[in-house]
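To start, the structure under review is shown below, and the notes come after it.
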There are 2 protein chains.
Amino acid sequence: MPTRVLIADDQAMVRAGFRLILEGEPDIEVVGEAADGDQAVRLARELRPDVTLMDIRMPGVDGLRATELLAGSGVADPLHVVMVTTFGLDENVHAALRAGACGFLLKDAGPNLLIEAVHAAAHGEALVSPAITTRLLAHYARRDPRNVPQPATPLTPRELDVVKAVARGETNDEICRSLVVSLPTVKTHIGAVKRKLGARNRTEIAIWAWESGLAR
Amino acid sequence: MPTRVLIADDQAMVRAGFRLILEGEPDIEVVGEAADGDQAVRLARELRPDVTLMDIRMPGVDGLRATELLAGSGVADPLHVVMVTTFGLDENVHAALRAGACGFLLKDAGPNLLIEAVHAAAHGEALVSPAITTRLLAHYARRDPRNVPQPATPLTPRELDVVKAVARGETNDEICRSLVVSLPTVKTHIGAVKRKLGARNRTEIAIWAWESGLAR
DNA sequence: CGCTGTCTCGTACCCAGGTACGAACTCTCG
DNA sequence: CGAGAGTTCGTACCTGGGTACGAGACAGCG
């Protein structure tokens with residue numbers, strides 16, 4: 001059975017273009033079109049498409065809000081919305097993800113990516129425009145735990161325990177209770193960790209834990 | 001002028017498949033094939049392709065190492081390597097990005113994505129397989145600063161300054177010097193911040209700063 | 001004008017955090 | 001078995017962090 005797609009965009013020409021591209025595919029079927037967010041939500045509830053192509057900028061209820069509404073109302077569960085927009089502003093990407101979108105395309109992406117994005121979304125996977133992916137990767141790489149300096153002598157298991165506790169903001173007293181040891185023991189461990197990491201206080205230990213991906 | 005592509009994969013069938021797919025495109029030209037990492041590096045230096053499709057698993061020098069070598073030797077500047085692999089293990093993605101890769105494809109991706117990935121890489125952009133993108137996005141969304149509870153009463157500019165300093169691991173003494181105020185002032189501000197954030201100590205302030213995206 | 005909020009500084013006190021020893025016990029490993 | 005590493009605990013001491021006051025200077029605002 002084909003993937004059923006709903007197209008939501010305020011420009012009729014864009015909708016027609018999308019429909020033309022998608023209907024060239026045998027396993028994709030366009031089941032409806034919406035011209036604004038309100039209509040998109042209503043049609044999604046009625047038609048239950050597998051995938052919704054949603055423009056961000058639309059009159060009245062915009063694409064982000066519409067996606068939030070769909071996510072909130074339990075329709076389309078799980079939600080397979082591919083956001084489509086002309087500009088790839090970071091805030092939009094953030095907002096789209098938060099709204100539960102599954103994919104993010106720029107309109108200059110070309111037909112192939114559109115088709116692939118629909119296929120991916122149908123499986124619950126996500127395809128993101130290359131231009132945006134580049135920034136996403138930069139974001140990912142910058143926070144690469146491997147870029148964080150590792151201690152010369154590795155931390156022992158017990159020391160890792162106290163580091164995690166410190167990174168949760170626990171006091172020494174809380175740590176000694178959660179690890180079921182005495183207070184001097186906690187202090188000993190923290191002292192060792194400080195020496196190994198070159199940290200000057202517990203806050204620097206917490207920072208290291210976050211940067212290195214220990215705390216999450 | 002067409003995009004010149006080098007294919008590096010130890011399996012002849014895979015290379016032939018890639019070549020077939022890519023040569024169907026008018027603006028893509030396959031200029032060479034390599035069967036291992038060593039050969040890939042030598043050919044890349046010699047042929048100067050616009051884009052290199054690089055398998056991760058290859059005998060001898062693997063794709064990751066080869067990419068590192070290319071990045072280090074100044075060849076292909078900027079580096080346009082699309083990693084190709086059968087499995088999308090997180091560590092591979094991480095390592096590939098660190099090595100300077102520009103794109104990451106699973107071999108089950110289909111011809112369209114391969115072509116689009118080459119086009120994207122030629123422009124310095126990145127295309128990532130949907131299956132991997134999904135995890136990448138989860139990573140991105142989980143650290144969304146908007147998910148962090150914001151204080152009821154907003155922090156004043158000066159308070160934000162001390163929060164940032166705390167999140168850098170500075171002591172009160174260092175803060176009062178870097179902000180050019182007295183020590184009691186710093187303590188006053190930190191006290192106010194603690195009340196507003198509901199933090200019990202400076203470490204929790206630092207944690208909040210990292211979660212909310214203030215500290216980077 | 002007086003009110004309010006912010007930023008600033010001071011003094012005094014308390015305690016959690018950090019340092020510096022020493023010393024058991026339990027492992028593993030050569 | 002002896003050596004070393006890791007974990008545990010103790011005691012003593014000092015400093016930095018945190019709290020509780022009060023108060024002056026300055027800005028914007030009704």
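Residues are referred to by chain and number: the chain letter is A, B, ... according to the order shown in the structure tokens, the number counts from 1 in that chain, and ligands are numbered separately from 1 in the order shown.
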Residue list (alpha helix (DSSP H), DSSP) for segment 5-167 of chain B, as a ChimeraX atom specification: /B:12-23,37-47,63-72,90-99,111-122,130-142,157-167
Within 10 Å of chain B, which residues belong to chain D? Use only C-alpha atoms (C1' of nucleotides) and report them as a short mmCIF file (atom, residue, chain, number, x, y, z; two decimals) with N, CA and C atoms (P, O5', C5', C4', C3', O3' and C1' of nucleotides), in the first residue's frame.
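Listing of part19.cif after writing:
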```cif
data_model
loop_
_atom_site.label_atom_id
_atom_site.label_comp_id
_atom_site.auth_asym_id
_atom_site.auth_seq_id
_atom_site.Cartn_x
_atom_site.Cartn_y
_atom_site.Cartn_z
P DG D 16 40.66 31.18 50.38
"O5'" DG D 16 39.30 30.75 49.68
"C5'" DG D 16 39.18 29.47 49.08
"C4'" DG D 16 37.72 29.10 48.98
"C3'" DG D 16 36.84 30.18 48.36
"O3'" DG D 16 36.01 29.59 47.38
"C1'" DG D 16 36.03 29.59 50.53
P DG D 17 34.87 30.37 46.66
"O5'" DG D 17 33.55 29.88 47.42
"C5'" DG D 17 33.31 28.48 47.53
"C4'" DG D 17 32.02 28.24 48.26
"C3'" DG D 17 30.83 29.05 47.73
"O3'" DG D 17 29.68 28.23 47.79
"C1'" DG D 17 31.19 29.60 49.98
P DG D 18 28.32 28.77 47.13
"O5'" DG D 18 27.49 29.23 48.40
"C5'" DG D 18 27.09 28.25 49.34
"C4'" DG D 18 26.37 28.92 50.49
"C3'" DG D 18 25.30 29.95 50.07
"O3'" DG D 18 24.06 29.60 50.66
"C1'" DG D 18 26.75 30.85 51.71
P DT D 19 22.82 30.60 50.68
"O5'" DT D 19 22.94 31.35 52.07
"C5'" DT D 19 23.01 30.58 53.26
"C4'" DT D 19 22.72 31.47 54.44
"C3'" DT D 19 21.58 32.46 54.23
"O3'" DT D 19 20.73 32.45 55.37
"C1'" DT D 19 23.54 33.63 54.87
#
```
Chain C contacts to chain B at 8 Å (only C-alpha atoms (C1' of nucleotides)) as a PyMOL selection string: chain C and resi 8-10
Go ahead and write the residues just picked, N, CA and C atoms (P, O5', C5', C4', C3', O3' and C1' of nucleotides), as an mmCIF file, in the first residue's frame.
```
data_model
loop_
_atom_site.group_PDB
_atom_site.id
_atom_site.type_symbol
_atom_site.label_atom_id
_atom_site.label_comp_id
_atom_site.auth_asym_id
_atom_site.auth_seq_id
_atom_site.Cartn_x
_atom_site.Cartn_y
_atom_site.Cartn_z
ATOM 1 P P DT C 8 27.634 46.065 39.958
ATOM 2 O "O5'" DT C 8 28.000 46.690 41.371
ATOM 3 C "C5'" DT C 8 28.270 48.072 41.486
ATOM 4 C "C4'" DT C 8 28.236 48.509 42.931
ATOM 5 C "C3'" DT C 8 29.131 47.749 43.884
ATOM 6 O "O3'" DT C 8 30.440 48.303 43.868
ATOM 7 C "C1'" DT C 8 27.033 48.360 44.884
ATOM 8 P P DC C 9 31.668 47.501 44.468
ATOM 9 O "O5'" DC C 9 31.426 47.593 46.041
ATOM 10 C "C5'" DC C 9 31.488 48.860 46.686
ATOM 11 C "C4'" DC C 9 31.010 48.712 48.115
ATOM 12 C "C3'" DC C 9 31.817 47.745 48.967
ATOM 13 O "O3'" DC C 9 32.773 48.467 49.747
ATOM 14 C "C1'" DC C 9 29.462 47.689 49.419
ATOM 15 P P DG C 10 33.866 47.704 50.631
ATOM 16 O "O5'" DG C 10 33.109 47.425 52.002
ATOM 17 C "C5'" DG C 10 32.706 48.515 52.822
ATOM 18 C "C4'" DG C 10 31.841 48.000 53.950
ATOM 19 C "C3'" DG C 10 32.453 46.843 54.748
ATOM 20 O "O3'" DG C 10 33.031 47.320 55.957
ATOM 21 C "C1'" DG C 10 30.103 46.535 54.320
#
```
6 Å contacts from chain A to chain B using only C-alpha atoms, as an MDAnalysis selection string: chainID A and resid 125:127 130:131 133:134 169 203:204
Generate a file of the selected residues that holds C-alpha atoms, formatted as a JSON list (two decimals), in the first residue's frame.
```
[["chain", "number", "residue", "atom", "x", "y", "z"],
["A", 125, "GLU", "CA", 13.01, 8.47, 9.99],
["A", 126, "ALA", "CA", 14.15, 11.98, 9.22],
["A", 127, "LEU", "CA", 15.73, 13.63, 6.22],
["A", 130, "PRO", "CA", 22.07, 19.41, 3.35],
["A", 131, "ALA", "CA", 22.45, 23.12, 4.12],
["A", 133, "THR", "CA", 22.51, 19.31, 8.15],
["A", 134, "THR", "CA", 25.82, 21.11, 7.84],
["A", 169, "GLY", "CA", 24.77, 19.19, 42.02],
["A", 203, "THR", "CA", 32.24, 23.22, 39.97],
["A", 204, "GLU", "CA", 35.05, 22.59, 37.52]]
```
Contacts of Ala35 of chain A at 6 Å (only C-alpha atoms (C1' of nucleotides); same-chain gap of 6+ positions) as a list of chain:residue names: A:Ala8, A:Asp9, A:Asp10
Save out the residues we just selected, N, CA and C atoms, as a PDB file, in the first residue's frame.
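Output contents, as saved in out-v6.pdb:
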```
ATOM      1  N   ALA A   8       0.483  20.750   2.843  1.00  0.00           N
ATOM      2  CA  ALA A   8      -0.032  21.987   3.433  1.00  0.00           C
ATOM      3  C   ALA A   8       0.887  23.139   3.083  1.00  0.00           C
ATOM      4  N   ASP A   9       0.390  24.029   2.234  1.00  0.00           N
ATOM      5  CA  ASP A   9       1.166  25.201   1.820  1.00  0.00           C
ATOM      6  C   ASP A   9       0.173  26.243   1.330  1.00  0.00           C
ATOM      7  N   ASP A  10       0.454  27.514   1.631  1.00  0.00           N
ATOM      8  CA  ASP A  10      -0.524  28.534   1.250  1.00  0.00           C
ATOM      9  C   ASP A  10      -0.449  28.885  -0.236  1.00  0.00           C
TER      10      ASP A  10
END
```
